[in-house]
$ cat upload.csv   # CSV, C-alpha atoms
chain,number,residue,atom,x,y,z
A,668,ALA,CA,0.0,0.0,0.0
A,669,GLN,CA,1.2,3.5,-0.8
A,670,LYS,CA,2.3,5.4,2.2
A,671,VAL,CA,1.7,8.8,0.6
A,672,THR,CA,-1.3,9.5,-1.6
A,673,GLN,CA,-1.7,12.5,-3.8
A,674,ALA,CA,-5.1,12.0,-5.3
A,675,GLN,CA,-4.9,15.0,-7.6
A,676,THR,CA,-2.9,14.2,-10.7
A,677,GLU,CA,-3.3,17.5,-12.4
A,678,ILE,CA,-4.8,20.8,-11.4
A,679,SER,CA,-5.2,23.9,-13.6
A,680,VAL,CA,-6.1,27.3,-12.2
A,681,VAL,CA,-6.0,30.9,-13.4
A,682,GLU,CA,-3.6,33.3,-11.9
A,683,LYS,CA,-4.6,34.8,-8.6
A,684,GLU,CA,-6.8,31.9,-7.7
A,685,ASP,CA,-6.1,30.0,-4.5
A,686,VAL,CA,-5.3,26.3,-4.9
A,687,THR,CA,-5.0,23.4,-2.4
A,688,LEU,CA,-2.9,20.3,-3.1
A,689,ASP,CA,-4.0,17.3,-1.0
A,690,CYS,CA,-1.7,14.8,0.6
A,691,VAL,CA,-2.8,11.8,2.7
A,692,TYR,CA,-0.2,9.6,4.4
A,693,GLU,CA,-0.1,6.3,6.2
A,694,THR,CA,2.3,5.2,8.9
A,695,ARG,CA,2.3,3.3,12.1
A,696,ASP,CA,5.3,5.2,13.5
A,697,THR,CA,4.6,7.8,16.1
A,698,THR,CA,7.6,9.8,15.1
A,699,TYR,CA,7.7,10.8,11.4
A,700,TYR,CA,8.4,13.7,9.1
A,701,LEU,CA,6.4,15.1,6.3
A,702,PHE,CA,7.8,17.1,3.4
A,703,TRP,CA,6.7,19.0,0.4
A,704,TYR,CA,8.9,19.4,-2.6
A,705,LYS,CA,8.5,21.5,-5.8
A,706,GLN,CA,9.8,20.3,-9.2
A,707,PRO,CA,9.8,23.1,-11.7
A,708,PRO,CA,10.2,22.5,-15.4
A,709,SER,CA,14.0,22.7,-14.9
A,710,GLY,CA,13.8,19.4,-13.1
A,711,GLU,CA,15.4,19.8,-9.7
A,712,LEU,CA,13.5,19.0,-6.5
A,713,VAL,CA,13.2,22.1,-4.4
A,714,PHE,CA,12.6,21.7,-0.7
A,715,LEU,CA,9.6,23.6,0.6
A,716,ILE,CA,8.8,22.4,4.1
A,717,ARG,CA,9.5,19.7,6.7
A,718,ARG,CA,7.1,19.0,9.5
A,719,ASN,CA,7.6,16.6,12.4
A,720,SER,CA,4.7,14.5,13.7
A,721,PHE,CA,4.7,16.3,17.1
A,722,ASP,CA,4.1,19.7,15.6
A,723,GLU,CA,0.6,20.2,14.3
A,724,GLN,CA,0.8,23.9,14.0
A,725,ASN,CA,-0.1,25.2,10.6
A,726,GLU,CA,2.6,27.1,8.9
A,727,ILE,CA,2.5,30.1,6.6
A,728,SER,CA,5.3,31.3,4.4
A,729,GLY,CA,4.4,34.1,2.1
A,730,ARG,CA,1.7,32.8,-0.3
A,731,TYR,CA,2.3,29.2,0.9
A,732,SER,CA,0.6,27.6,3.8
A,733,TRP,CA,0.4,24.1,5.1
A,734,ASN,CA,-2.4,22.4,7.1
A,735,PHE,CA,-1.2,19.3,9.1
A,736,GLN,CA,-4.0,17.2,10.6
A,737,LYS,CA,-3.0,14.0,12.4
A,738,SER,CA,-6.6,13.1,12.9
A,739,THR,CA,-7.1,12.7,9.2
A,740,SER,CA,-3.5,11.9,8.3
A,741,SER,CA,-3.3,14.8,6.0
A,742,PHE,CA,-0.8,17.4,5.2
A,743,ASN,CA,-2.3,19.7,2.6
A,744,PHE,CA,-0.6,22.6,0.9
A,745,THR,CA,-2.3,25.8,-0.2
A,746,ILE,CA,-1.0,28.4,-2.5
A,747,THR,CA,-2.8,31.8,-2.2
A,748,ALA,CA,-3.1,34.1,-5.2
A,749,SER,CA,-1.3,31.7,-7.5
A,750,GLN,CA,1.2,32.9,-10.1
A,751,VAL,CA,2.4,31.5,-13.3
A,752,VAL,CA,5.8,30.7,-11.7
A,753,ASP,CA,4.0,28.3,-9.3
A,754,SER,CA,3.5,26.0,-12.2
A,755,ALA,CA,5.4,22.8,-11.3
A,756,VAL,CA,4.9,19.3,-10.1
A,757,TYR,CA,4.5,19.2,-6.3
A,758,PHE,CA,5.5,16.1,-4.3
A,759,CYS,CA,4.5,15.2,-0.8
A,760,ALA,CA,6.8,12.8,1.1
A,761,LEU,CA,7.0,11.0,4.4
A,762,SER,CA,10.0,9.7,6.4
A,763,GLU,CA,9.6,7.3,9.3
A,764,ALA,CA,11.9,8.1,12.1
A,765,SER,CA,12.1,4.8,14.0
A,766,ARG,CA,12.8,2.3,11.3
A,767,GLY,CA,16.4,1.4,11.9
A,768,SER,CA,18.1,0.6,8.7
A,769,THR,CA,15.5,2.5,6.6
A,770,LEU,CA,15.8,5.6,8.7
A,771,GLY,CA,16.1,8.5,6.4
A,772,ARG,CA,14.3,7.0,3.5
A,773,LEU,CA,11.6,9.2,1.9
A,774,TYR,CA,8.3,7.8,0.6
A,775,PHE,CA,6.9,10.1,-2.1
A,776,GLY,CA,3.5,10.5,-3.5
A,777,ARG,CA,2.9,10.5,-7.3
A,778,GLY,CA,3.0,14.2,-7.5
A,779,THR,CA,0.4,16.8,-8.5
A,780,GLN,CA,1.0,18.8,-11.7
A,781,LEU,CA,-0.1,22.3,-11.1
A,782,THR,CA,-0.6,24.6,-14.1
A,783,VAL,CA,-1.3,28.2,-13.5
A,784,TRP,CA,-2.6,30.1,-16.5
A,785,PRO,CA,-2.1,33.8,-17.0
B,698,GLU,CA,28.3,25.7,-0.7
B,699,ALA,CA,28.0,23.7,-3.8
B,700,GLY,CA,24.9,21.6,-4.2
B,701,VAL,CA,24.4,18.0,-5.2
B,702,THR,CA,25.7,17.5,-8.7
B,703,GLN,CA,24.5,14.9,-11.1
B,704,PHE,CA,25.6,14.0,-14.5
B,705,PRO,CA,24.9,13.6,-17.2
B,706,SER,CA,21.7,15.6,-17.1
B,707,HIS,CA,20.3,13.5,-20.0
B,708,SER,CA,21.2,10.2,-21.5
B,709,VAL,CA,19.7,8.3,-24.4
B,710,ILE,CA,20.9,4.8,-24.9
B,711,GLU,CA,19.7,1.7,-26.7
B,712,LYS,CA,18.3,-1.3,-25.0
B,713,GLY,CA,21.1,-3.6,-24.0
B,714,GLN,CA,23.7,-0.9,-23.6
B,715,THR,CA,25.3,0.2,-20.3
B,716,VAL,CA,25.0,3.6,-18.7
B,717,THR,CA,26.7,5.0,-15.6
B,718,LEU,CA,25.1,7.9,-13.7
B,719,ARG,CA,27.2,9.9,-11.3
B,720,CYS,CA,26.3,11.9,-8.2
B,721,ASP,CA,28.6,14.2,-6.3
B,722,PRO,CA,27.0,15.0,-2.9
B,723,ILE,CA,27.6,18.0,-0.8
B,724,SER,CA,31.0,17.9,0.7
B,725,GLY,CA,30.9,16.4,4.2
B,726,HIS,CA,27.5,14.7,3.7
B,727,ASP,CA,27.9,11.1,4.8
B,728,ASN,CA,24.5,10.1,3.6
B,729,LEU,CA,23.7,9.6,0.0
B,730,TYR,CA,20.5,8.4,-1.5
B,731,TRP,CA,19.4,7.4,-5.0
B,732,TYR,CA,15.8,7.7,-6.1
B,733,ARG,CA,14.0,7.1,-9.4
B,734,ARG,CA,10.8,8.5,-10.9
B,735,VAL,CA,9.3,6.5,-13.8
B,736,MET,CA,7.0,8.7,-15.9
B,737,GLY,CA,3.8,9.5,-14.1
B,738,LYS,CA,4.6,7.5,-11.0
B,739,GLU,CA,5.9,8.3,-7.6
B,740,ILE,CA,9.6,9.0,-6.8
B,741,LYS,CA,10.9,5.7,-5.5
B,742,PHE,CA,13.8,5.0,-3.2
B,743,LEU,CA,16.6,2.9,-4.6
B,744,LEU,CA,19.3,2.8,-2.0
B,745,HIS,CA,21.1,4.7,0.8
B,746,PHE,CA,24.8,4.9,1.4
B,747,VAL,CA,26.4,5.9,4.7
B,748,LYS,CA,29.9,6.9,3.7
B,749,GLU,CA,31.0,4.1,1.5
B,750,SER,CA,28.7,1.4,3.0
B,751,LYS,CA,25.3,0.4,1.7
B,752,GLN,CA,22.9,1.1,4.6
B,753,ASP,CA,19.8,0.1,2.7
B,754,GLU,CA,19.6,-1.2,-0.9
B,755,SER,CA,16.1,-2.8,-0.6
B,756,GLY,CA,14.8,-0.5,-3.3
B,757,MET,CA,17.1,-1.6,-6.1
B,758,PRO,CA,14.9,-3.2,-8.8
B,759,ASN,CA,17.2,-6.0,-9.9
B,760,ASN,CA,20.8,-7.1,-10.3
B,761,ARG,CA,21.2,-5.0,-13.5
B,762,PHE,CA,21.6,-2.1,-11.2
B,763,LEU,CA,24.9,-1.6,-9.4
B,764,ALA,CA,25.7,1.3,-7.1
B,765,GLU,CA,29.0,2.2,-5.7
B,766,ARG,CA,30.4,5.0,-3.5
B,767,THR,CA,34.2,4.9,-3.6
B,768,GLY,CA,35.9,6.4,-0.6
B,769,GLY,CA,32.6,7.7,0.6
B,770,THR,CA,32.6,10.6,-1.8
B,771,TYR,CA,30.9,10.5,-5.1
B,772,SER,CA,28.6,7.7,-6.1
B,773,THR,CA,27.9,5.9,-9.4
B,774,LEU,CA,24.8,4.0,-10.5
B,775,LYS,CA,25.4,1.6,-13.3
B,776,VAL,CA,22.6,0.0,-15.3
B,777,GLN,CA,23.8,-3.0,-17.3
B,778,PRO,CA,22.2,-4.0,-19.6
B,779,ALA,CA,19.6,-1.3,-19.8
B,780,GLU,CA,16.0,-2.2,-20.5
B,781,LEU,CA,13.1,0.0,-21.7
B,782,GLU,CA,11.5,0.1,-18.3
B,783,ASP,CA,14.6,1.6,-16.8
B,784,SER,CA,13.7,4.9,-18.4
B,785,GLY,CA,13.0,7.7,-16.0
B,786,VAL,CA,14.6,10.4,-13.9
B,787,TYR,CA,17.2,9.3,-11.4
B,788,PHE,CA,17.6,11.7,-8.5
B,789,CYS,CA,20.4,11.7,-6.0
B,790,ALA,CA,20.2,13.4,-2.6
B,791,SER,CA,22.6,13.9,0.3
B,792,SER,CA,22.4,14.8,4.0
B,793,HIS,CA,24.8,15.3,6.8
B,794,GLY,CA,23.2,13.0,9.4
B,795,MET,CA,20.9,10.0,8.8
B,796,GLY,CA,18.2,11.5,11.0
B,797,ASP,CA,18.5,15.2,10.4
B,798,TYR,CA,16.4,15.1,7.3
B,799,GLY,CA,18.2,18.0,5.8
B,800,TYR,CA,18.2,16.5,2.3
B,801,THR,CA,19.5,18.3,-0.7
B,802,PHE,CA,18.5,16.9,-4.1
B,803,GLY,CA,20.3,17.1,-7.3
B,804,SER,CA,18.7,18.1,-10.6
B,805,GLY,CA,18.4,14.5,-11.7
B,806,THR,CA,19.5,12.5,-14.7
B,807,ARG,CA,16.8,11.8,-17.3
B,808,LEU,CA,17.5,8.4,-18.8
B,809,THR,CA,15.8,7.3,-21.9
B,810,VAL,CA,16.2,3.7,-23.1
B,811,VAL,CA,15.1,3.2,-26.7
$ encode --input "upload.csv" --output "structure tokens"
Amino acid sequence: AQKVTQAQTEISVVEKEDVTLDCVYETRDTTYYLFWYKQPPSGELVFLIRRNSFDEQNEISGRYSWNFQKSTSSFNFTITASQVVDSAVYFCALSEASRGSTLGRLYFGRGTQLTVWP
Amino acid sequence: EAGVTQFPSHSVIEKGQTVTLRCDPISGHDNLYWYRRVMGKEIKFLLHFVKESKQDESGMPNNRFLAERTGGTYSTLKVQPAELEDSGVYFCASSHGMGDYGYTFGSGTRLTVV
């Protein structure tokens, strides 16, 4: 079973619209980390945020915000007032912190292709 | 500091040929990871080095893939012989500590097997 599910394969919005990218995860660990990465057309994976399982506070960084809810095993990402430069593939990832030899491994979702039209 | 460097950035080879991908991690990063994304699917873990030792290679798809990390510095991933299903983007990442989660990813190598 997939540990990270990003149900939205593609999303298209028009500039200035708000958009939320969903991420649902599955783990039995009590200590884990959640990540979001952005992959622009140039190809590199750009780190956006890391959250540990003990910190459920929502976070805002400029136009980006993240909503972590352990009760629903979700870690959703919202872009406010989207811009064309936000067009990219966004990946959600999970790392389990108590797995011995697999400590440090990231489990990624399939990614959501976001296209922002001018 | 210099980031994680991968080369080549693109490679197109014929089925049955051999290809070697290289990753230069950030200097001083003991942990080096290889991942692969096949078109439209999730990015999947391949293996993890701690210095020159393989900590976890459970993600390697089969014995056509061979990874090495000589002297605990750069790493190579060789595919021999390449098959069509090996096409995808191969990412390398490095981190200082195994549990610090301060990963830095390279730009990836796009491998196309024809």
$ interface_residues --input "upload.csv" --of "chain A" --to "chain B" --cutoff "12 Å" --atoms "all atoms listed in the file" --output "NGL selection string"
:A and (669-674 or 676-677 or 698-719 or 756-780)
$ atom_distance --input "upload.csv" --atom1 "atom CA of Gln750 of chain A" --atom2 "atom CA of Glu726 of chain A"
19.9 Å
$ residues_around --input "upload.csv" --residues "Thr782 of chain A" --least-positions-apart "2" --cutoff "8 Å" --atoms "all atoms listed in the file" --output "list in words"
Glu677, Ile678, Ser679, Val680, Val751, Asp753, Ser754, Ala755, Gln780 and Trp784 of chain A
$ atom_distance --input "upload.csv" --atom1 "atom CA of Met757 of chain B" --atom2 "atom CA of Val810 of chain B"
17.8 Å
$ residues_around --input "upload.csv" --residues "Ile710 of chain B" --least-positions-apart "5" --cutoff "8 Å" --atoms "all atoms listed in the file" --output "number ranges by chain"
B: 715-716, 808-811
$ atom_distance --input "upload.csv" --atom1 "atom CA of Ala699 of chain B" --atom2 "atom CA of Gly769 of chain B"
17.2 Å
$ residues_around --input "upload.csv" --residues "Val776 of chain B" --least-positions-apart "4" --cutoff "9 Å" --atoms "all atoms listed in the file" --output "VMD selection string"
chain B and resid 714 to 718 760 to 764 780 783
$ build_atoms --input "upload.csv" --residues "segment 784-795 of chain B" --atoms "all heavy atoms" --output "short mmCIF file (atom, residue, chain, number, x, y, z; two decimals), in the frame of the given file"
data_model
loop_
_atom_site.label_atom_id
_atom_site.label_comp_id
_atom_site.auth_asym_id
_atom_site.auth_seq_id
_atom_site.Cartn_x
_atom_site.Cartn_y
_atom_site.Cartn_z
N SER B 784 13.82 3.51 -18.11
CA SER B 784 13.70 4.90 -18.40
C SER B 784 13.03 5.68 -17.29
O SER B 784 12.08 5.19 -16.68
CB SER B 784 12.85 5.11 -19.71
OG SER B 784 13.49 4.54 -20.83
N GLY B 785 13.53 6.85 -17.03
CA GLY B 785 13.00 7.70 -16.00
C GLY B 785 13.97 8.73 -15.55
O GLY B 785 15.00 8.91 -16.20
N VAL B 786 13.65 9.41 -14.47
CA VAL B 786 14.60 10.40 -13.90
C VAL B 786 15.15 9.86 -12.65
O VAL B 786 14.43 9.44 -11.74
CB VAL B 786 13.84 11.75 -13.65
CG1 VAL B 786 14.84 12.76 -13.09
CG2 VAL B 786 13.19 12.28 -14.92
N TYR B 787 16.47 9.87 -12.59
CA TYR B 787 17.20 9.30 -11.40
C TYR B 787 17.69 10.54 -10.60
O TYR B 787 18.45 11.37 -11.10
CB TYR B 787 18.35 8.46 -11.88
CG TYR B 787 17.88 7.16 -12.48
CD1 TYR B 787 17.35 7.12 -13.77
CD2 TYR B 787 17.93 5.98 -11.75
CE1 TYR B 787 16.89 5.94 -14.32
CE2 TYR B 787 17.47 4.79 -12.29
CZ TYR B 787 16.95 4.78 -13.57
OH TYR B 787 16.48 3.61 -14.11
N PHE B 788 17.25 10.57 -9.37
CA PHE B 788 17.60 11.70 -8.50
C PHE B 788 18.63 11.14 -7.44
O PHE B 788 18.52 10.02 -6.95
CB PHE B 788 16.43 12.21 -7.72
CG PHE B 788 15.47 12.98 -8.57
CD1 PHE B 788 14.30 12.39 -9.01
CD2 PHE B 788 15.73 14.29 -8.93
CE1 PHE B 788 13.39 13.10 -9.79
CE2 PHE B 788 14.83 15.01 -9.70
CZ PHE B 788 13.67 14.40 -10.13
N CYS B 789 19.52 12.01 -7.07
CA CYS B 789 20.40 11.70 -6.00
C CYS B 789 20.20 12.81 -4.90
O CYS B 789 19.86 13.97 -5.21
CB CYS B 789 21.88 11.83 -6.48
SG CYS B 789 23.15 11.67 -5.23
N ALA B 790 20.32 12.42 -3.65
CA ALA B 790 20.20 13.40 -2.60
C ALA B 790 21.26 13.07 -1.52
O ALA B 790 21.72 11.93 -1.40
CB ALA B 790 18.80 13.27 -1.91
N SER B 791 21.65 14.09 -0.77
CA SER B 791 22.60 13.90 0.30
C SER B 791 22.16 14.59 1.56
O SER B 791 21.38 15.56 1.49
CB SER B 791 24.02 14.27 -0.10
OG SER B 791 24.16 15.68 -0.16
N SER B 792 22.63 14.08 2.69
CA SER B 792 22.40 14.80 4.00
C SER B 792 23.53 14.51 4.89
O SER B 792 24.26 13.52 4.74
CB SER B 792 21.05 14.26 4.59
OG SER B 792 21.18 12.93 5.02
N HIS B 793 23.68 15.39 5.87
CA HIS B 793 24.80 15.30 6.80
C HIS B 793 24.61 14.06 7.71
O HIS B 793 25.42 13.15 7.77
CB HIS B 793 24.97 16.54 7.59
CG HIS B 793 26.12 16.50 8.55
ND1 HIS B 793 27.43 16.44 8.14
CD2 HIS B 793 26.15 16.48 9.89
CE1 HIS B 793 28.21 16.39 9.19
NE2 HIS B 793 27.47 16.41 10.26
N GLY B 794 23.48 14.07 8.44
CA GLY B 794 23.20 13.00 9.40
C GLY B 794 22.05 12.15 8.83
O GLY B 794 21.24 12.61 8.03
N MET B 795 21.93 10.92 9.29
CA MET B 795 20.90 10.00 8.80
C MET B 795 19.52 10.49 9.30
O MET B 795 18.52 10.29 8.66
CB MET B 795 21.15 8.60 9.25
CG MET B 795 20.31 7.58 8.53
SD MET B 795 21.02 5.94 8.56
CE MET B 795 20.93 5.53 10.29
#
